[in-house]
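Coordinates from coords18.txt are shown below (compact mmCIF, C-alpha atoms).
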```txt
# COMPACT_ATOMS: atom_id res chain seq x y z
CA MET W 1 0.00 0.00 0.00
CA LYS W 2 1.31 3.43 -0.90
CA PRO W 3 2.09 5.63 2.11
CA ARG W 4 -0.13 8.62 2.78
CA ILE W 5 1.73 11.85 2.04
CA LYS W 6 1.41 14.95 4.20
CA ILE W 7 2.86 18.20 2.87
CA CYS W 8 3.79 20.47 5.74
CA CYS W 9 4.55 24.20 6.11
CA ILE W 10 1.63 25.15 3.86
CA SER W 11 1.70 28.96 3.71
CA SER W 12 -1.30 29.91 1.54
CA LEU W 13 -4.48 28.66 -0.11
CA ASP W 14 -2.57 28.40 -3.38
CA GLU W 15 0.02 26.10 -1.78
CA ALA W 16 -2.73 24.01 -0.20
CA PHE W 17 -4.42 23.35 -3.52
CA GLU W 18 -1.11 22.79 -5.31
CA ALA W 19 -0.25 20.06 -2.79
CA ILE W 20 -3.71 18.52 -3.11
CA ARG W 21 -3.51 18.56 -6.91
CA HIS W 22 -0.37 16.44 -6.74
CA GLY W 23 -1.95 13.91 -4.39
CA ALA W 24 -1.42 15.10 -0.80
CA ALA W 25 -3.62 13.26 1.68
CA ALA W 26 -2.95 15.81 4.43
CA LEU W 27 -1.63 19.33 4.93
CA GLY W 28 0.46 20.61 7.83
CA LEU W 29 -0.31 24.12 9.08
CA VAL W 30 2.30 25.51 11.46
CA GLY W 31 1.34 27.59 14.49
CA PRO W 32 3.76 29.53 16.73
CA MET W 33 7.07 27.68 17.25
CA PRO W 34 10.33 28.46 19.05
CA SER W 35 12.15 27.88 15.74
CA GLY W 36 11.70 26.45 12.26
CA PRO W 37 9.94 27.30 8.99
CA GLY W 38 6.39 27.67 7.82
CA ILE W 39 4.75 29.58 10.68
CA ILE W 40 1.47 31.24 9.67
CA SER W 41 -1.30 33.03 11.56
CA ASP W 42 -4.14 31.18 13.25
CA GLU W 43 -6.53 33.10 11.01
CA LEU W 44 -4.88 31.75 7.87
CA ILE W 45 -4.80 28.23 9.32
CA GLN W 46 -8.55 28.40 9.88
CA GLN W 47 -9.14 29.80 6.38
CA ILE W 48 -7.19 26.94 4.80
CA ALA W 49 -8.86 24.34 7.04
CA ARG W 50 -12.29 25.60 5.99
CA SER W 51 -11.39 25.54 2.29
CA VAL W 52 -9.80 22.11 1.96
CA PRO W 53 -12.17 19.51 0.48
CA PRO W 54 -12.63 16.05 1.98
CA PRO W 55 -11.02 13.56 2.26
CA VAL W 56 -7.86 15.70 2.67
CA SER W 57 -6.96 16.20 6.35
CA THR W 58 -5.61 19.37 7.92
CA PHE W 59 -3.10 19.21 10.77
CA LEU W 60 -2.54 22.06 13.24
CA LEU W 61 1.09 21.94 14.42
CA SER W 62 0.99 23.14 18.02
CA SER W 63 3.97 23.57 20.32
CA GLU W 64 1.76 23.97 23.40
CA THR W 65 2.43 21.42 26.16
CA LYS W 66 -0.60 21.99 28.40
CA ALA W 67 -4.00 20.58 27.47
CA GLU W 68 -5.85 23.84 28.08
CA ASP W 69 -3.45 25.77 25.83
CA VAL W 70 -3.74 23.17 23.07
CA VAL W 71 -7.54 23.36 23.19
CA GLN W 72 -7.47 27.17 23.04
CA HIS W 73 -5.10 27.05 20.08
CA TYR W 74 -7.29 24.52 18.27
CA GLN W 75 -10.43 26.62 18.78
CA LYS W 76 -8.79 29.42 16.77
CA THR W 77 -8.07 27.12 13.83
CA ARG W 78 -10.57 24.21 13.64
CA THR W 79 -8.42 21.68 11.79
CA HIS W 80 -9.21 17.94 11.59
CA THR W 81 -6.12 16.93 13.54
CA ILE W 82 -3.71 18.36 16.11
CA GLN W 83 -0.02 17.54 15.70
CA LEU W 84 1.62 17.87 19.10
CA VAL W 85 5.25 18.70 18.37
CA ASP W 86 6.51 18.70 21.97
CA ALA W 87 6.10 16.33 24.91
CA MET W 88 2.83 16.81 26.75
CA GLU W 89 2.24 17.13 30.46
CA PRO W 90 0.83 13.96 32.11
CA GLY W 91 -2.93 13.62 31.66
CA SER W 92 -3.04 16.04 28.72
CA TYR W 93 -4.41 13.63 26.12
CA ALA W 94 -7.46 12.76 28.21
CA ARG W 95 -8.22 16.42 28.91
CA ILE W 96 -7.87 17.36 25.23
CA ARG W 97 -10.15 14.51 24.18
CA GLN W 98 -12.75 15.55 26.75
CA SER W 99 -12.85 19.05 25.26
CA LEU W 100 -12.37 18.03 21.60
CA PRO W 101 -13.84 14.52 21.25
CA GLY W 102 -13.83 14.43 17.45
CA VAL W 103 -10.29 15.70 16.89
CA LYS W 104 -7.41 13.30 16.15
CA LEU W 105 -4.14 13.66 18.05
CA VAL W 106 -0.78 12.95 16.43
CA GLN W 107 2.24 12.94 18.71
CA VAL W 108 5.62 13.92 17.29
CA ILE W 109 8.60 11.89 18.52
CA HIS W 110 12.00 13.45 17.89
CA VAL W 111 14.12 10.38 17.18
CA LEU W 112 17.42 10.88 19.00
CA ASP W 113 18.47 7.48 20.39
CA GLU W 114 17.17 4.21 21.83
CA SER W 115 15.11 6.10 24.41
CA SER W 116 12.92 7.36 21.55
CA ILE W 117 11.53 3.84 21.14
CA ASP W 118 10.24 3.76 24.72
CA GLU W 119 8.92 7.30 24.36
CA SER W 120 7.03 6.22 21.22
CA MET W 121 5.42 3.23 22.89
CA ARG W 122 4.21 5.37 25.80
CA ALA W 123 2.73 7.94 23.42
CA ALA W 124 1.12 5.20 21.34
CA GLU W 125 -1.05 4.28 24.32
CA GLU W 126 -2.86 7.62 24.06
CA ALA W 127 -2.32 9.22 20.63
CA ASP W 128 -4.07 8.33 17.36
CA ALA W 129 -0.80 8.31 15.38
CA LEU W 130 2.90 9.01 15.78
CA LEU W 131 5.11 11.21 13.63
CA LEU W 132 8.85 10.53 13.77
CA ASP W 133 10.94 13.64 13.12
CA SER W 134 14.52 14.90 13.43
CA GLY W 135 14.17 17.79 15.87
CA ASN W 136 15.73 18.15 19.30
CA PRO W 137 13.54 19.49 22.12
CA LYS W 138 16.50 19.31 24.53
CA LEU W 139 18.33 22.30 23.03
CA SER W 140 18.20 25.71 24.72
CA VAL W 141 16.04 26.88 21.81
CA LYS W 142 13.89 23.87 21.05
CA VAL W 143 14.03 22.50 17.50
CA LEU W 144 10.61 20.92 16.98
CA GLY W 145 10.67 20.14 13.26
CA GLY W 146 11.41 21.52 9.83
CA THR W 147 15.11 20.70 10.08
CA GLY W 148 15.52 19.11 6.65
CA ASN W 149 17.71 16.46 8.33
CA ILE W 150 17.21 12.72 8.41
CA HIS W 151 17.60 10.68 11.59
CA ASP W 152 18.47 7.03 12.26
CA TRP W 153 15.89 5.19 10.17
CA SER W 154 16.74 1.88 11.84
CA LEU W 155 15.25 3.28 15.04
CA SER W 156 12.20 4.49 13.11
CA ARG W 157 11.74 1.03 11.60
CA ARG W 158 11.74 -0.52 15.06
CA ILE W 159 9.12 1.96 16.21
CA VAL W 160 6.95 1.16 13.18
CA GLU W 161 7.28 -2.57 13.87
CA HIS W 162 6.16 -2.23 17.49
CA SER W 163 3.62 0.58 17.27
CA PRO W 164 -0.07 -0.34 17.60
CA ILE W 165 -1.04 2.91 15.83
CA PRO W 166 -0.09 4.44 12.43
CA VAL W 167 3.36 6.03 12.12
CA PHE W 168 4.39 8.89 9.85
CA LEU W 169 8.05 9.39 8.90
CA ALA W 170 9.43 12.94 8.64
CA GLY W 171 12.83 14.58 8.51
CA GLY W 172 14.91 15.30 5.43
CA LEU W 173 12.72 13.47 2.92
CA HIS W 174 13.05 14.48 -0.75
CA PRO W 175 12.57 12.90 -4.21
CA GLY W 176 16.06 11.34 -4.09
CA ASN W 177 15.64 9.37 -0.87
CA VAL W 178 11.92 8.70 -0.47
CA LYS W 179 11.97 5.29 -2.16
CA ARG W 180 14.69 4.09 0.21
CA ALA W 181 12.85 5.60 3.19
CA ILE W 182 9.71 3.65 2.32
CA GLU W 183 11.67 0.43 1.87
CA GLU W 184 13.69 0.80 5.08
CA VAL W 185 11.03 2.15 7.45
CA GLN W 186 7.69 0.95 5.99
CA PRO W 187 5.75 3.88 7.48
CA PHE W 188 2.01 4.46 7.23
CA GLY W 189 2.68 7.97 5.98
CA LEU W 190 5.37 10.45 4.93
CA ASP W 191 5.65 14.06 6.05
CA LEU W 192 7.85 16.70 4.45
CA CYS W 193 8.40 20.42 4.17
CA SER W 194 11.71 21.64 2.69
CA GLY W 195 12.16 18.64 0.38
CA VAL W 196 9.54 19.96 -2.06
CA ARG W 197 10.40 23.65 -1.79
CA THR W 198 12.67 26.09 -3.65
CA ASN W 199 13.47 29.38 -1.91
CA ALA W 200 10.89 28.44 0.75
CA LYS W 201 8.10 28.18 -1.85
CA LEU W 202 6.31 24.98 -2.84
CA ASP W 203 7.88 23.74 -6.08
CA PRO W 204 5.49 21.90 -8.47
CA GLU W 205 8.36 20.06 -10.18
CA LYS W 206 9.75 18.78 -6.87
CA LEU W 207 6.23 17.81 -5.77
CA GLU W 208 5.70 15.82 -8.95
CA ALA W 209 9.10 14.14 -8.59
CA PHE W 210 8.43 13.25 -4.95
CA PHE W 211 5.04 11.69 -5.59
CA ARG W 212 6.41 9.77 -8.56
CA ALA W 213 9.33 8.45 -6.52
CA ALA W 214 6.91 7.45 -3.75
CA GLY W 215 5.01 5.26 -6.19
CA TYR W 216 2.10 7.55 -7.13
```

Just give me the structure of the file as structure tokens.
Amino acid sequence: MKPRIKICCISSLDEAFEAIRHGAAALGLVGPMPSGPGIISDELIQQIARSVPPPVSTFLLSSETKAEDVVQHYQKTRTHTIQLVDAMEPGSYARIRQSLPGVKLVQVIHVLDESSIDESMRAAEEADALLLDSGNPKLSVKVLGGTGNIHDWSLSRRIVEHSPIPVFLAGGLHPGNVKRAIEEVQPFGLDLCSGVRTNAKLDPEKLEAFFRAAGY
């Protein structure tokens, strides 16, 4: 089965529909972050979320770590899914679900070392999906995605093999390495930002090449 493809860092309605035209199953819409590309206003996120036709999903990327703050952020945007890019406080998932029962929760795991496997399995008990990325939340200025760097795919493969929920692979994917990424990791989905951009703008030729290389 072909992996679902999520194009992240969508910055306008034009980019949203360009990604959909090429076959994107989901769009990533980036809220306030301590670092990284693609940040847009909550108002624009909501406008894009309202305009995207089904069955394409919209993901709000939120760096909030408290349930109440995540819920408040979501209410300004109204996407299908919330992508939690940082570790959440204990009990947060249950409180978010109580307030937003129909919204899917995707937990980002920044794959650093063997401990990321245990972190993934704990998150898989409560999230609807995992997204494996190459950030580092331990730095003084947290890096929570959009690095354009790959991580150790052997660790990602082990997470995929043991996870009871779907797993997206992110981090440094581009047309030249996506086929190998699919073969080595076997993810449910792929997530990328810079790999299909030129000068920070979505590049139709790179999009076409990526989808073709991914088997579309």

Skipping near chain neighbours, those fewer than 3 positions away, what residues fall within 7 Å of segment 21-36 of chain W using only C-alpha atoms, listed as a PDB file with C-alpha atoms, in the coordinates of the input?
```
ATOM      1  CA  ARG W   4      -0.130   8.620   2.780  1.00  0.00           C
ATOM      2  CA  ILE W   5       1.730  11.850   2.040  1.00  0.00           C
ATOM      3  CA  LYS W   6       1.410  14.950   4.200  1.00  0.00           C
ATOM      4  CA  ILE W   7       2.860  18.200   2.870  1.00  0.00           C
ATOM      5  CA  CYS W   8       3.790  20.470   5.740  1.00  0.00           C
ATOM      6  CA  CYS W   9       4.550  24.200   6.110  1.00  0.00           C
ATOM      7  CA  ILE W  10       1.630  25.150   3.860  1.00  0.00           C
ATOM      8  CA  PHE W  17      -4.420  23.350  -3.520  1.00  0.00           C
ATOM      9  CA  GLU W  18      -1.110  22.790  -5.310  1.00  0.00           C
ATOM     10  CA  ILE W  39       4.750  29.580  10.680  1.00  0.00           C
ATOM     11  CA  ILE W  40       1.470  31.240   9.670  1.00  0.00           C
ATOM     12  CA  SER W  41      -1.300  33.030  11.560  1.00  0.00           C
ATOM     13  CA  ASP W  42      -4.140  31.180  13.250  1.00  0.00           C
ATOM     14  CA  ILE W  45      -4.800  28.230   9.320  1.00  0.00           C
ATOM     15  CA  VAL W  56      -7.860  15.700   2.670  1.00  0.00           C
ATOM     16  CA  SER W  57      -6.960  16.200   6.350  1.00  0.00           C
ATOM     17  CA  THR W  58      -5.610  19.370   7.920  1.00  0.00           C
ATOM     18  CA  PHE W  59      -3.100  19.210  10.770  1.00  0.00           C
ATOM     19  CA  LEU W  60      -2.540  22.060  13.240  1.00  0.00           C
ATOM     20  CA  LEU W  61       1.090  21.940  14.420  1.00  0.00           C
ATOM     21  CA  SER W  62       0.990  23.140  18.020  1.00  0.00           C
ATOM     22  CA  SER W  63       3.970  23.570  20.320  1.00  0.00           C
ATOM     23  CA  VAL W 141      16.040  26.880  21.810  1.00  0.00           C
ATOM     24  CA  LYS W 142      13.890  23.870  21.050  1.00  0.00           C
ATOM     25  CA  VAL W 143      14.030  22.500  17.500  1.00  0.00           C
ATOM     26  CA  GLY W 145      10.670  20.140  13.260  1.00  0.00           C
ATOM     27  CA  GLY W 146      11.410  21.520   9.830  1.00  0.00           C
ATOM     28  CA  LEU W 207       6.230  17.810  -5.770  1.00  0.00           C
ATOM     29  CA  GLU W 208       5.700  15.820  -8.950  1.00  0.00           C
TER      30      GLU W 208
END
```

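Coordinates place atom CA of Ile159 of chain W at a distance of 21.4 Å from atom CA of His174 of chain W.
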
Discussion item. Given all atoms listed in the file as the basis, pick out the residue of W:Lys2, W:Lys201, W:Arg95, W:Lys179 nearest to Glu15 of chain W.
Written reply: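 So, comparing all the options, the nearest one is W:Lys201.
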
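Between atom CA of Ala67 of chain W and atom CA of Gly91 of chain W the interatomic distance comes to 8.2 Å.
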
Worksheet item: So how many Å separate atom CA of Val111 of chain W and atom CA of Trp153 of chain W, to one decimal?
Response: 8.9 Å

Discussion item. Nearest residue to Glu89 of chain W out of W:Ile117, W:Ala213, W:Ala123, W:Gly102, using all atoms listed in the file?
Written reply: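 Result for the nearest residue to Glu89 of chain W: W:Ala123.
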
Item to complete: Determine the nearest neighbour of Asp118 of chain W from the options W:Leu173, W:Leu192, W:Leu155, W:Val167, counting only C-alpha atoms.
Response: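 Among the listed residues, W:Leu155 lies closest to Asp118 of chain W.
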
Worksheet item: Can you tell me, as a PyMOL selection string, what residues are no more than 8 Å from Ala16 of chain W when counting only C-alpha atoms, ignoring any on the same chain fewer than 4 positions away?
Response: chain W and resi 10-12+20+27+48+52

Item to complete: Pick out the residues sitting within 12 Å of Glu184 of chain W, and hand them over as an MDAnalysis selection string; count all atoms listed in the file, and ignore anything fewer than 5 positions along from it in its own chain.
Response: chainID W and resid 152:158 160:161 169 177:179

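Nearest-residue note for Leu112 of chain W: choosing from W:Ala94, W:Ile150, W:Leu202, W:Ala127, the minimum distance belongs to W:Ile150, counting all atoms listed in the file.
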
Worksheet item: Could you pull the residues within 9 Å of Ile96 of chain W, counting all atoms listed in the file, minus those fewer than 3 positions along the same chain, as a count of residues only?
Response: 12

Discussion item. Just checking: using only C-alpha atoms, which residue out of W:Cys193, W:Asp133, W:Phe188, W:Ala124 ends up closest to Ser163 of chain W?
Written reply: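 Looking at the shortest contact to Ser163 of chain W, the residue is W:Ala124.
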